[in-house]
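Working notes, beginning with the structure itself.
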Amino acid sequence: YLMEKIQQIITTSRYREDILRMLGFHNDFFEYFPKNYIKDHNDIVPVMLDIKMSECKSIFQIVNFTKDDSVLDYGSGIGLIGILLSEKCKKIDLFEPVDFMKDMISQIVNDYSNIQAISKLNNEKYDKILCRAVLGEFEGIKNVIELKKLLTKFYKILNEDGCLCFNFHRKNGPEVHHSITRYDADQIEHMIKQIGFKKFFRSNQTHKTECLAFK
């Protein structure tokens, strides 16, 4: 029911193409699939949702969530990670800076009592902060100065021993269609430690570097 609801909301939205782009769709996407696998353009919505849901589930291999956790998903997209966390965590706040996504998120998560869409970051504290597919993506955080400001803000609103999970396109990695800016992993690690995080772990995946930083 949930995926059907999300599919209906996206398909009927006047921002449908923009949403698909944010989910990872691009012009040469059809080249990755066998001929006739996707019969027409409308079929791309469930395909993209399946791919995105699989990506979201991978978070559980990276972060250990508990039932008492308060979680911020920064750059939440349509809120899929929040929905997956709703049965595992106490509270999930979704922050999405893209205006046309905000109403959609509210429609998607309105049945979940422990999920809320927020319009700005206050001084509320979190046990876990997720910032995935944001850094260097589309019109996201484009330069190091903006990046340091954002990571510093995350540090301030994390509880003691809290965890920040983020990823980014690394320099000298594979070419990615929607990457605007790439960061040097050593530069990121230095920045994280300079801000005050106690521990930092990173691992290179296919085209991104996955990072965990602990306060």
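Ordering of the structure tokens sets the chain letters (A, B, ...), residue numbers begin anew at 1 in every chain, and ligands are numbered from 1 in the order given.
Residues surrounding stretch 65-79 of chain A within 6 Å are Lys88, Cys89, Lys90, Lys91, Ile92, Asp93, Leu94, Phe95, Glu96, Ile105, Tyr126, Asp127, Lys128, Ile129, Leu130 and Cys131 of chain A [only C-alpha atoms; sequence separation below 4 positions excluded].
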Need to verify the contact set: A:Cys211, 12 Å, only C-alpha atoms, exclusion of same-chain residues closer than 4 positions in sequence. Can you return it as a PDB file with N, CA, C and O atoms, in the first residue's frame?
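The resulting out30.pdb:
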ATOM      1  N   ILE A  59      21.408   1.447   4.793  1.00  0.00           N
ATOM      2  CA  ILE A  59      21.800   2.227   5.961  1.00  0.00           C
ATOM      3  C   ILE A  59      21.922   1.341   7.197  1.00  0.00           C
ATOM      4  O   ILE A  59      22.715   1.608   8.101  1.00  0.00           O
ATOM      5  N   ILE A  62      25.252   0.057   8.020  1.00  0.00           N
ATOM      6  CA  ILE A  62      26.250   1.067   8.365  1.00  0.00           C
ATOM      7  C   ILE A  62      26.041   1.604   9.782  1.00  0.00           C
ATOM      8  O   ILE A  62      26.997   1.792  10.531  1.00  0.00           O
ATOM      9  N   VAL A  63      24.793   1.845  10.146  1.00  0.00           N
ATOM     10  CA  VAL A  63      24.478   2.478  11.426  1.00  0.00           C
ATOM     11  C   VAL A  63      23.653   1.537  12.300  1.00  0.00           C
ATOM     12  O   VAL A  63      22.738   0.865  11.814  1.00  0.00           O
ATOM     13  N   ILE A 129      22.361  11.466  13.002  1.00  0.00           N
ATOM     14  CA  ILE A 129      22.058  12.377  11.900  1.00  0.00           C
ATOM     15  C   ILE A 129      22.499  11.711  10.605  1.00  0.00           C
ATOM     16  O   ILE A 129      23.625  11.233  10.490  1.00  0.00           O
ATOM     17  N   LEU A 130      21.599  11.667   9.642  1.00  0.00           N
ATOM     18  CA  LEU A 130      21.889  11.097   8.328  1.00  0.00           C
ATOM     19  C   LEU A 130      21.929  12.222   7.305  1.00  0.00           C
ATOM     20  O   LEU A 130      21.047  13.088   7.277  1.00  0.00           O
ATOM     21  N   CYS A 131      22.945  12.210   6.466  1.00  0.00           N
ATOM     22  CA  CYS A 131      23.066  13.204   5.392  1.00  0.00           C
ATOM     23  C   CYS A 131      23.615  12.467   4.176  1.00  0.00           C
ATOM     24  O   CYS A 131      24.810  12.463   3.915  1.00  0.00           O
ATOM     25  N   ARG A 132      22.720  11.850   3.441  1.00  0.00           N
ATOM     26  CA  ARG A 132      23.131  10.954   2.359  1.00  0.00           C
ATOM     27  C   ARG A 132      22.611  11.452   1.015  1.00  0.00           C
ATOM     28  O   ARG A 132      21.496  11.934   0.912  1.00  0.00           O
ATOM     29  N   LEU A 135      25.764  15.849  -0.290  1.00  0.00           N
ATOM     30  CA  LEU A 135      27.010  16.581  -0.493  1.00  0.00           C
ATOM     31  C   LEU A 135      27.501  16.418  -1.931  1.00  0.00           C
ATOM     32  O   LEU A 135      27.812  15.330  -2.380  1.00  0.00           O
ATOM     33  N   CYS A 163      26.035   9.958  16.480  1.00  0.00           N
ATOM     34  CA  CYS A 163      26.677   9.498  15.242  1.00  0.00           C
ATOM     35  C   CYS A 163      26.148  10.282  14.042  1.00  0.00           C
ATOM     36  O   CYS A 163      24.941  10.457  13.888  1.00  0.00           O
ATOM     37  N   LEU A 164      27.071  10.738  13.208  1.00  0.00           N
ATOM     38  CA  LEU A 164      26.732  11.370  11.932  1.00  0.00           C
ATOM     39  C   LEU A 164      27.123  10.421  10.814  1.00  0.00           C
ATOM     40  O   LEU A 164      28.261   9.978  10.729  1.00  0.00           O
ATOM     41  N   CYS A 165      26.168  10.105   9.955  1.00  0.00           N
ATOM     42  CA  CYS A 165      26.417   9.223   8.809  1.00  0.00           C
ATOM     43  C   CYS A 165      26.185  10.025   7.531  1.00  0.00           C
ATOM     44  O   CYS A 165      25.099  10.550   7.308  1.00  0.00           O
ATOM     45  N   PHE A 166      27.231  10.132   6.694  1.00  0.00           N
ATOM     46  CA  PHE A 166      27.087  10.873   5.451  1.00  0.00           C
ATOM     47  C   PHE A 166      27.933  10.230   4.356  1.00  0.00           C
ATOM     48  O   PHE A 166      28.785   9.376   4.620  1.00  0.00           O
ATOM     49  N   ASN A 167      27.658  10.605   3.120  1.00  0.00           N
ATOM     50  CA  ASN A 167      28.477  10.128   2.010  1.00  0.00           C
ATOM     51  C   ASN A 167      28.682  11.246   1.000  1.00  0.00           C
ATOM     52  O   ASN A 167      28.019  12.277   1.034  1.00  0.00           O
ATOM     53  N   PHE A 168      29.646  11.043   0.111  1.00  0.00           N
ATOM     54  CA  PHE A 168      29.961  12.063  -0.886  1.00  0.00           C
ATOM     55  C   PHE A 168      30.697  11.423  -2.055  1.00  0.00           C
ATOM     56  O   PHE A 168      31.309  10.362  -1.921  1.00  0.00           O
ATOM     57  N   HIS A 169      30.622  12.081  -3.214  1.00  0.00           N
ATOM     58  CA  HIS A 169      31.389  11.656  -4.377  1.00  0.00           C
ATOM     59  C   HIS A 169      32.836  12.083  -4.159  1.00  0.00           C
ATOM     60  O   HIS A 169      33.125  13.239  -3.903  1.00  0.00           O
ATOM     61  N   ARG A 170      33.741  11.159  -4.259  1.00  0.00           N
ATOM     62  CA  ARG A 170      35.146  11.471  -3.989  1.00  0.00           C
ATOM     63  C   ARG A 170      35.885  11.867  -5.266  1.00  0.00           C
ATOM     64  O   ARG A 170      35.503  11.473  -6.371  1.00  0.00           O
ATOM     65  N   ALA A 185      38.838  12.797   0.324  1.00  0.00           N
ATOM     66  CA  ALA A 185      38.507  12.089   1.562  1.00  0.00           C
ATOM     67  C   ALA A 185      39.403  12.520   2.720  1.00  0.00           C
ATOM     68  O   ALA A 185      38.942  12.664   3.856  1.00  0.00           O
ATOM     69  N   ASP A 186      40.682  12.744   2.462  1.00  0.00           N
ATOM     70  CA  ASP A 186      41.591  13.192   3.522  1.00  0.00           C
ATOM     71  C   ASP A 186      41.201  14.588   4.013  1.00  0.00           C
ATOM     72  O   ASP A 186      41.296  14.887   5.206  1.00  0.00           O
ATOM     73  N   ILE A 188      38.163  15.796   4.025  1.00  0.00           N
ATOM     74  CA  ILE A 188      36.968  15.611   4.845  1.00  0.00           C
ATOM     75  C   ILE A 188      37.352  15.131   6.238  1.00  0.00           C
ATOM     76  O   ILE A 188      36.852  15.621   7.255  1.00  0.00           O
ATOM     77  N   GLU A 189      38.235  14.144   6.308  1.00  0.00           N
ATOM     78  CA  GLU A 189      38.638  13.596   7.608  1.00  0.00           C
ATOM     79  C   GLU A 189      39.294  14.681   8.477  1.00  0.00           C
ATOM     80  O   GLU A 189      39.014  14.783   9.678  1.00  0.00           O
ATOM     81  N   ILE A 192      36.558  16.992   9.771  1.00  0.00           N
ATOM     82  CA  ILE A 192      35.757  16.353  10.815  1.00  0.00           C
ATOM     83  C   ILE A 192      36.479  16.409  12.168  1.00  0.00           C
ATOM     84  O   ILE A 192      35.885  16.740  13.206  1.00  0.00           O
ATOM     85  N   LYS A 199      35.751  10.273  16.719  1.00  0.00           N
ATOM     86  CA  LYS A 199      36.110   9.133  15.875  1.00  0.00           C
ATOM     87  C   LYS A 199      35.566   9.345  14.469  1.00  0.00           C
ATOM     88  O   LYS A 199      34.484   9.919  14.284  1.00  0.00           O
ATOM     89  N   PHE A 200      36.300   8.847  13.489  1.00  0.00           N
ATOM     90  CA  PHE A 200      35.870   8.978  12.094  1.00  0.00           C
ATOM     91  C   PHE A 200      36.262   7.717  11.336  1.00  0.00           C
ATOM     92  O   PHE A 200      37.392   7.242  11.418  1.00  0.00           O
ATOM     93  N   PHE A 201      35.300   7.152  10.635  1.00  0.00           N
ATOM     94  CA  PHE A 201      35.541   5.960   9.826  1.00  0.00           C
ATOM     95  C   PHE A 201      35.042   6.231   8.412  1.00  0.00           C
ATOM     96  O   PHE A 201      34.021   6.878   8.220  1.00  0.00           O
ATOM     97  N   ARG A 202      35.738   5.696   7.426  1.00  0.00           N
ATOM     98  CA  ARG A 202      35.302   5.875   6.050  1.00  0.00           C
ATOM     99  C   ARG A 202      35.604   4.626   5.245  1.00  0.00           C
ATOM    100  O   ARG A 202      36.528   3.870   5.549  1.00  0.00           O
ATOM    101  N   SER A 203      34.815   4.410   4.237  1.00  0.00           N
ATOM    102  CA  SER A 203      35.067   3.298   3.316  1.00  0.00           C
ATOM    103  C   SER A 203      34.609   3.703   1.930  1.00  0.00           C
ATOM    104  O   SER A 203      33.553   4.330   1.761  1.00  0.00           O
ATOM    105  N   ASN A 204      35.390   3.355   0.922  1.00  0.00           N
ATOM    106  CA  ASN A 204      35.056   3.687  -0.458  1.00  0.00           C
ATOM    107  C   ASN A 204      34.135   2.638  -1.049  1.00  0.00           C
ATOM    108  O   ASN A 204      34.463   1.451  -1.069  1.00  0.00           O
ATOM    109  N   GLN A 205      32.987   3.092  -1.508  1.00  0.00           N
ATOM    110  CA  GLN A 205      32.047   2.223  -2.209  1.00  0.00           C
ATOM    111  C   GLN A 205      32.226   2.458  -3.710  1.00  0.00           C
ATOM    112  O   GLN A 205      33.218   3.033  -4.143  1.00  0.00           O
TER     113      GLN A 205
END
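If you look at atom CA of A:Val45 and atom CA of A:Gln61, they are 25.8 Å away from each other.
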| request: From stretch 34-172 of chain A, collect each residue whose DSSP state is alpha helix (DSSP H) and return the set as a PyMOL selection string. | output: chain A and resi 44-57+80-85+99-109+144-157
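Straight-line separation from atom CA of A:Ser54 to atom CA of A:Pro97: 23.1 Å.
Relative to atom CA of A:Asp18, atom CA of A:Ala133 is found at 15.4 Å.
Among the candidates A:Ser119, A:Gln194, A:Ser113, A:Ser106, the residue lying nearest to A:Lys148 is A:Gln194 (atoms considered: only C-alpha atoms).
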| task | Can you pull out every residue within 10 Å of A:Tyr155, counting only C-alpha atoms, but drop anything in the same chain fewer than 2 positions away, and send it as a PyMOL selection string? | result | chain A and resi 125-126+129+149-153+157-160+162-164+192+195-197+213-215
